[in-house]
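K.L.:
File follows, final_36.tsv with TSV, N, CA, C and O atoms:
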```tsv
chain	number	residue	atom	x	y	z
A	535	MET	N	-111.72	67.52	37.99
A	535	MET	CA	-111.46	67.84	39.39
A	535	MET	C	-109.97	67.60	39.73
A	535	MET	O	-109.35	68.41	40.41
A	536	TYR	N	-109.45	66.49	39.27
A	536	TYR	CA	-108.05	66.16	39.53
A	536	TYR	C	-107.12	67.19	38.91
A	536	TYR	O	-106.14	67.61	39.53
A	537	ALA	N	-107.44	67.64	37.71
A	537	ALA	CA	-106.61	68.63	37.03
A	537	ALA	C	-106.62	69.95	37.79
A	537	ALA	O	-105.60	70.63	37.88
A	538	ALA	N	-107.76	70.31	38.37
A	538	ALA	CA	-107.86	71.56	39.15
A	538	ALA	C	-106.99	71.47	40.39
A	538	ALA	O	-106.34	72.45	40.79
A	539	LEU	N	-106.97	70.30	41.03
A	539	LEU	CA	-106.14	70.13	42.23
A	539	LEU	C	-104.65	70.19	41.88
A	539	LEU	O	-103.86	70.76	42.63
A	540	ILE	N	-104.29	69.61	40.76
A	540	ILE	CA	-102.90	69.67	40.31
A	540	ILE	C	-102.49	71.11	40.02
A	540	ILE	O	-101.41	71.56	40.40
A	541	GLU	N	-103.38	71.86	39.37
A	541	GLU	CA	-103.11	73.27	39.08
A	541	GLU	C	-102.99	74.09	40.37
A	541	GLU	O	-102.11	74.94	40.50
A	542	LEU	N	-103.87	73.80	41.33
A	542	LEU	CA	-103.80	74.50	42.62
A	542	LEU	C	-102.49	74.18	43.33
A	542	LEU	O	-101.85	75.07	43.89
A	543	GLU	N	-102.09	72.93	43.28
A	543	GLU	CA	-100.82	72.54	43.90
A	543	GLU	C	-99.65	73.26	43.24
A	543	GLU	O	-98.74	73.74	43.90
A	544	ARG	N	-99.69	73.37	41.93
A	544	ARG	CA	-98.62	74.06	41.20
A	544	ARG	C	-98.56	75.53	41.58
A	544	ARG	O	-97.49	76.08	41.83
A	545	LEU	N	-99.73	76.18	41.67
A	545	LEU	CA	-99.77	77.59	42.05
A	545	LEU	C	-99.28	77.80	43.48
A	545	LEU	O	-98.55	78.76	43.76
A	546	LEU	N	-99.70	76.92	44.38
A	546	LEU	CA	-99.25	77.05	45.77
A	546	LEU	C	-97.75	76.81	45.89
A	546	LEU	O	-97.07	77.46	46.70
A	547	THR	N	-97.22	75.90	45.11
A	547	THR	CA	-95.77	75.66	45.11
A	547	THR	C	-95.01	76.88	44.61
A	547	THR	O	-94.00	77.28	45.19
A	548	LEU	N	-95.52	77.48	43.54
A	548	LEU	CA	-94.88	78.70	43.04
A	548	LEU	C	-94.93	79.83	44.07
A	548	LEU	O	-93.96	80.55	44.26
A	549	LEU	N	-96.07	79.97	44.73
A	549	LEU	CA	-96.23	81.00	45.75
A	549	LEU	C	-95.26	80.75	46.91
A	549	LEU	O	-94.61	81.68	47.41
A	550	LEU	N	-95.16	79.50	47.32
A	550	LEU	CA	-94.24	79.16	48.41
A	550	LEU	C	-92.80	79.44	48.02
A	550	LEU	O	-92.02	79.97	48.82
A	551	ASP	N	-92.43	79.09	46.80
A	551	ASP	CA	-91.06	79.38	46.33
A	551	ASP	C	-90.79	80.88	46.32
A	551	ASP	O	-89.71	81.33	46.72
A	552	TYR	N	-91.77	81.65	45.87
A	552	TYR	CA	-91.61	83.10	45.83
A	552	TYR	C	-91.44	83.67	47.25
A	552	TYR	O	-90.55	84.48	47.50
A	553	LEU	N	-92.29	83.21	48.16
A	553	LEU	CA	-92.22	83.72	49.53
A	553	LEU	C	-90.92	83.29	50.22
A	553	LEU	O	-90.35	84.06	51.00
A	554	THR	N	-90.46	82.08	49.94
A	554	THR	CA	-89.20	81.63	50.52
A	554	THR	C	-88.04	82.48	50.00
A	554	THR	O	-87.17	82.89	50.77
A	555	GLY	N	-88.04	82.76	48.71
A	555	GLY	CA	-87.00	83.61	48.13
A	555	GLY	C	-87.03	85.01	48.72
A	555	GLY	O	-85.98	85.58	49.04
A	556	ALA	N	-88.23	85.55	48.86
A	556	ALA	CA	-88.36	86.89	49.44
A	556	ALA	C	-87.86	86.91	50.88
A	556	ALA	O	-87.18	87.85	51.30
A	557	ALA	N	-88.18	85.87	51.64
A	557	ALA	CA	-87.72	85.80	53.03
A	557	ALA	C	-86.20	85.72	53.10
A	557	ALA	O	-85.58	86.35	53.97
A	558	LEU	N	-85.58	84.98	52.19
A	558	LEU	CA	-84.12	84.90	52.17
A	558	LEU	C	-83.49	86.24	51.84
A	558	LEU	O	-82.49	86.63	52.44
A	559	VAL	N	-84.06	86.96	50.89
A	559	VAL	CA	-83.53	88.27	50.52
A	559	VAL	C	-83.66	89.24	51.69
A	559	VAL	O	-82.71	89.96	52.03
A	560	ILE	N	-84.82	89.25	52.32
A	560	ILE	CA	-85.04	90.15	53.46
A	560	ILE	C	-84.09	89.80	54.60
A	560	ILE	O	-83.51	90.69	55.25
A	561	SER	N	-83.90	88.51	54.85
A	561	SER	CA	-82.98	88.09	55.91
A	561	SER	C	-81.55	88.53	55.62
A	561	SER	O	-80.83	88.97	56.52
A	562	ALA	N	-81.14	88.42	54.36
A	562	ALA	CA	-79.78	88.84	53.99
A	562	ALA	C	-79.61	90.34	54.18
A	562	ALA	O	-78.57	90.80	54.68
A	563	ILE	N	-80.62	91.11	53.82
A	563	ILE	CA	-80.56	92.57	53.99
A	563	ILE	C	-80.48	92.92	55.47
A	563	ILE	O	-79.65	93.75	55.89
A	564	LEU	N	-81.32	92.29	56.29
A	564	LEU	CA	-81.30	92.57	57.72
A	564	LEU	C	-79.98	92.15	58.37
A	564	LEU	O	-79.47	92.84	59.25
A	565	LEU	N	-79.41	91.05	57.91
A	565	LEU	CA	-78.11	90.62	58.43
A	565	LEU	C	-77.02	91.62	58.08
A	565	LEU	O	-76.18	91.95	58.92
A	566	ALA	N	-77.06	92.14	56.86
A	566	ALA	CA	-76.07	93.14	56.45
A	566	ALA	C	-76.21	94.41	57.29
A	566	ALA	O	-75.19	94.99	57.70
A	567	ILE	N	-77.43	94.83	57.55
A	567	ILE	CA	-77.64	96.02	58.39
A	567	ILE	C	-77.13	95.77	59.80
A	567	ILE	O	-76.46	96.61	60.40
A	568	TYR	N	-77.44	94.59	60.34
A	568	TYR	CA	-76.99	94.25	61.70
A	568	TYR	C	-75.47	94.25	61.79
A	568	TYR	O	-74.89	94.80	62.73
A	569	ILE	N	-74.82	93.62	60.84
A	569	ILE	CA	-73.35	93.56	60.84
A	569	ILE	C	-72.77	94.96	60.71
A	569	ILE	O	-71.80	95.31	61.39
A	570	GLY	N	-73.36	95.79	59.86
A	570	GLY	CA	-72.88	97.16	59.70
A	570	GLY	C	-73.02	97.96	60.99
A	570	GLY	O	-72.09	98.68	61.39
A	571	CYS	N	-74.16	97.84	61.64
A	571	CYS	CA	-74.36	98.57	62.90
A	571	CYS	C	-73.43	98.05	63.99
A	571	CYS	O	-72.90	98.82	64.78
A	572	PHE	N	-73.22	96.73	64.03
A	572	PHE	CA	-72.32	96.14	65.02
A	572	PHE	C	-70.90	96.63	64.81
A	572	PHE	O	-70.21	97.00	65.77
A	573	ALA	N	-70.47	96.65	63.56
A	573	ALA	CA	-69.11	97.11	63.27
A	573	ALA	C	-68.95	98.59	63.62
A	573	ALA	O	-67.92	98.99	64.16
A	574	LYS	N	-69.96	99.38	63.31
A	574	LYS	CA	-69.90	100.81	63.63
A	574	LYS	C	-69.84	101.02	65.14
A	574	LYS	O	-69.03	101.83	65.62
A	575	ALA	N	-70.66	100.29	65.87
A	575	ALA	CA	-70.65	100.42	67.33
A	575	ALA	C	-69.32	99.96	67.92
A	575	ALA	O	-68.81	100.55	68.86
A	576	ARG	N	-68.77	98.92	67.32
A	576	ARG	CA	-67.49	98.41	67.81
A	576	ARG	C	-66.38	99.43	67.58
A	576	ARG	O	-65.53	99.65	68.43
A	577	ARG	N	-66.39	100.05	66.38
A	577	ARG	CA	-65.37	101.08	66.10
A	577	ARG	C	-65.54	102.26	67.04
A	577	ARG	O	-64.58	102.78	67.58
A	578	LYS	N	-66.78	102.68	67.23
A	578	LYS	CA	-67.04	103.82	68.10
A	578	LYS	C	-66.66	103.49	69.54
A	578	LYS	O	-66.03	104.29	70.22
A	579	GLY	N	-66.99	102.30	69.99
A	579	GLY	CA	-66.64	101.87	71.35
A	579	GLY	C	-65.14	101.70	71.51
A	579	GLY	O	-64.58	102.02	72.54
A	580	GLY	N	-64.48	101.22	70.48
A	580	GLY	CA	-63.03	101.01	70.55
A	580	GLY	C	-62.28	102.31	70.67
A	580	GLY	O	-61.34	102.42	71.43
A	581	THR	N	-62.70	103.35	69.95
A	581	THR	CA	-62.02	104.64	70.04
A	581	THR	C	-62.28	105.28	71.39
A	581	THR	O	-61.40	105.92	71.95
A	582	THR	N	-63.47	105.09	71.92
A	582	THR	CA	-63.79	105.67	73.22
A	582	THR	C	-62.92	105.02	74.30
A	582	THR	O	-62.37	105.70	75.16
A	583	GLN	N	-62.77	103.71	74.25
A	583	GLN	CA	-61.95	103.03	75.24
A	583	GLN	C	-60.49	103.45	75.08
A	583	GLN	O	-59.79	103.64	76.08
A	584	GLY	N	-60.02	103.60	73.87
A	584	GLY	CA	-58.65	104.01	73.65
A	584	GLY	C	-58.38	105.40	74.17
A	584	GLY	O	-57.33	105.68	74.75
A	585	GLU	N	-59.33	106.29	73.98
A	585	GLU	CA	-59.17	107.65	74.48
A	585	GLU	C	-59.16	107.67	76.00
A	585	GLU	O	-58.44	108.42	76.62
A	586	GLU	N	-60.00	106.80	76.60
A	586	GLU	CA	-60.02	106.76	78.06
A	586	GLU	C	-58.70	106.22	78.61
A	586	GLU	O	-58.24	106.66	79.66
A	587	LYS	N	-58.09	105.28	77.93
A	587	LYS	CA	-56.83	104.72	78.40
A	587	LYS	C	-55.70	105.74	78.29
A	587	LYS	O	-54.77	105.74	79.10
A	588	ASN	N	-55.76	106.62	77.30
A	588	ASN	CA	-54.72	107.61	77.11
A	588	ASN	C	-54.79	108.73	78.14
A	588	ASN	O	-53.82	109.42	78.35
A	589	LYS	N	-55.94	108.93	78.75
A	589	LYS	CA	-56.10	110.06	79.70
A	589	LYS	C	-55.43	109.81	81.01
A	589	LYS	O	-55.10	108.95	81.58
```
Show me this structure written as structure tokens.
P.N.:
Amino acid sequence: MYAALIELERLLTLLLDYLTGAALVISAILLAIYIGCFAKARRKGGTTQGEEKNK
């Protein structure tokens, strides 16, 4: 019985490590997308403001 609990603990630890790693990867991807969209919006907004100032 004790050996089964140790094995279950080991499997749950591996599963938790896998899920934590996956969450970190997904978070990094989402952060990169957010930064890219923010930079694009900033460039687009910056040119619009510059054009308005020139008029």
K.L.:
Hey, can you check how far CA of Gly579 (chain A) sits from atom C of Ile567 (chain A)?
P.N.:
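Between CA of Gly579 (chain A) and atom C of Ile567 (chain A) the gap works out to 16.8 Å.
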K.L.:
Could you give me the axis-aligned bounding box of region 554-561 of chain A, with 5 Å of padding per side, as centre plus edge lengths in Å to one decimal, as lines of an AutoDock Vina configuration file?
P.N.:
```
center_x = -85.6
center_y = 86.2
center_z = 52.3
size_x = 19.6
size_y = 19.1
size_z = 18.4
```
K.L.:
Between atom N of Tyr536 (chain A) and atom N of Tyr552 (chain A), measure the distance and give it in Å to one decimal.
P.N.:
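Going from atom N of Tyr536 (chain A) over to atom N of Tyr552 (chain A) covers 24.2 Å.
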K.L.:
Please, what distance in Å, to one decimal, runs between CA of Arg576 (chain A) and CA of Ser561 (chain A)?
P.N.:
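Here the two named atoms are 22.1 Å from each other.
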